[in-house]
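Working notes for the structure below.
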Amino acid sequence: MVRVVVQSADFDIGAEMAALTSGRADIGGIGSFIGTVRDTAHGARIVSMTLEHYPGMTERAMTQIAEAAVVRFNLLGCTLIHRVGPLPPGENIVLVLAAAPHRQAALEGAAFLIDWLKTKAPFWKKERFVDGSEAWVDAREEDDLAATRWGVL
Amino acid sequence: MVRVVVQSADFDIGAEMAALTSGRADIGGIGSFIGTVRDTAHGARIVSMTLEHYPGMTERAMTQIAEAAVVRFNLLGCTLIHRVGPLPPGENIVLVLAAAPHRQAALEGAAFLIDWLKTKAPFWKKERFVDGSEAWVDAREEDDLAATRWGVL
Amino acid sequence: MKILYFAWLRERVGCGEEDVALPEGVATVGQLVTWLRGRSPGHEAAFSQGRLVRCAVNQDFATPDAPVTDHDEIAFFPPVTGG
Amino acid sequence: MKILYFAWLRERVGCGEEDVALPEGVATVGQLVTWLRGRSPGHEAAFSQGRLVRCAVNQDFATPDAPVTDHDEIAFFPPVTGG
């Protein structure tokens, strides 16, 4: 019911959607979010983004977030896949799927999952620019704000 | 940038996602919603749902909704696919994709698109129950309420 | 004018589409509905349910006071339930 | 105890993981940080940036007053930026 994966390979949204929904007809809606690597950051062109994580704690935190979402929105299932390693612009970073009997829970479940993932799962992004320089991405205050609207874990 | 389709065949979310995002790296997030046929309605088991539409006006209304979403949320693109004809439980009904530079616009764009589609695009659902009886689905007041939070067209 | 019916209105009227010459004294959607109700028991059943009927004139949503002409495509249908 | 560093803390310290015997007088995360800062210029640079450092004890987020023991896995890292 809760599927949590950290991997360097890309994911296949069609296959993940099928795995989440196949063989059941109690689902009325699936909300989804995919995050992708943009080619610019603060106006500068980036050539790649590298995702680092904390093996063990990351999967643990993602599972806690997913289980909290299932309880809170009465989800029938959810999927959280996050990639790690170097990723060029245009590549997928993260996939969130939330299945529910009706659309509002599915959409809110997906929004909750990505908001919490962004503030509570131990991943860090480093950007590499065209001039060869690199910089760790700073946590964004608006991400913390977005997460606080859901209250505390 | 705006892709609107009414079809009886199923859609392929992977292919639609690729068509929306391929060759560009200015997208940071894609919000999505898929609506599916549930096997129960008001506690009764249904064997199929039939979707009727108003050819011409439906595509026109969907295009207006999609273009309004692009302007309102600064979307980089969006896709609206709605199926018609008889559909058994578990089948996909509708696909919404909204691509934006950042996640909030992508998620809100997808929510707006499905809320408006449900209240402003001329589709009608008829449910067929196990006992052979059929009934047109009544418009839900909560769908109208969901749409009003976005204001008027 | 072309008149279209969808969903349960189509079932009550008994057809999905009919061509009608603009009746005398009919200049608005509301007046057209009044005229249509006298056309057959099916039409009467379609429009007299006390249930909400929506209208589109030339594929845009329209209110009862919207004007109609002989060249218009007028559609009647229940509140929409797609998505 | 096992101590882990991630992202720019790892780069400043110069390694991602080190094993340390629980130092005398260290009973909390805050006391451990004070002790670590004296361990090398890299450690000092990692913890003295005036930038926010997060901590996890045994893979749960922890505050400076959280207790630490010799058998714990303690991780230090910047605020998270995934998603």
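Starting from 1 in every chain, residues are counted up; chains themselves are A, B, ... following the order of the structure tokens, and ligands are numbered from 1 as listed.
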**Report entry** 9 Å contacts from chain B to chain A using only C-alpha atoms, as a PyMOL selection string
**Finding:** chain B and resi 12-15+17+21-40+89-91+101-104+106-107+110-111+114
Requested in this report: Give me, as a list in words, the contact residues of chain C against chain B at a cut-off of 6 Å, counting only C-alpha atoms.
Outcome: Gln59, Pro79, Val80, Thr81, Gly82 and Gly83 of chain C
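Distances from B:Met49, B:Val71, B:Ala44, B:Leu80 to Phe11 in chain B were compared using only C-alpha atoms, and the smallest one belongs to B:Leu80.
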Query raised in the report: Suppose you want the space between CA of Ile3 in chain C and CA of Glu17 in chain C; what is it in Å?
Result: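 Pair CA of Ile3 in chain C / CA of Glu17 in chain C returns 5.6 Å.
DSSP annotation of range 21-75 of chain D from backbone atoms: helix (DSSP H, G or I) residues are D:Val29, D:Gly30, D:Gln31, D:Leu32, D:Val33, D:Thr34, D:Trp35, D:Leu36, D:Arg37, D:Pro41, D:Gly42, D:His43, D:Glu44, D:Ala45, D:Ala46, D:Phe47.
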Query raised in the report: Contacts of Phe47 in chain D at 8 Å or less, counting only C-alpha atoms, minus same-chain residues fewer than 4 places along, as a list in words?
Result: Leu9, Val33, Arg37, His43, Arg51 and Val53 of chain D
Could you dump the residues just selected with N, CA and C atoms as a CSV table (one decimal), in the first residue's frame?
chain,number,residue,atom,x,y,z
D,9,LEU,N,28.7,19.7,5.2
D,9,LEU,CA,29.4,19.3,6.4
D,9,LEU,C,30.4,18.2,6.1
D,33,VAL,N,28.8,18.4,19.8
D,33,VAL,CA,29.2,19.4,18.8
D,33,VAL,C,30.4,20.2,19.3
D,37,ARG,N,34.1,20.3,17.5
D,37,ARG,CA,34.7,21.6,16.9
D,37,ARG,C,36.2,21.7,17.3
D,43,HIS,N,36.6,20.3,11.2
D,43,HIS,CA,35.4,20.2,12.1
D,43,HIS,C,35.0,21.6,12.5
D,51,ARG,N,25.8,28.7,10.2
D,51,ARG,CA,24.7,28.2,9.4
D,51,ARG,C,24.0,27.0,10.2
D,53,VAL,N,22.8,23.7,11.3
D,53,VAL,CA,23.1,22.3,11.2
D,53,VAL,C,22.0,21.5,11.8
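Among B:Ala147, B:Val6, B:Val130, B:Ala69, the residue with the shortest atom-to-atom distance to Ile46 in chain B, counting only C-alpha atoms, is B:Val130.
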Query raised in the report: Which residues come within 9 Å of Ile74 in chain C, counting only C-alpha atoms, excluding same-chain residues fewer than 2 positions away, as a ChimeraX atom specification?
Result: /C:1-5,29,55-59,68,72,76
Requested in this report: Tell me, in Å to one decimal, how far CA of Arg10 in chain C is from CA of Asp10 in chain B.
Outcome: 26.4 Å
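CA of Ser48 in chain B sits 15.4 Å away from CA of Ala9 in chain B.
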Requested in this report: Taking the DSSP assignment computed from this structure's backbone, write out as a ChimeraX atom specification all residues of range 64-114 of chain A that belong to strand (DSSP E).
Outcome: /A:77-83,85-87,92-100
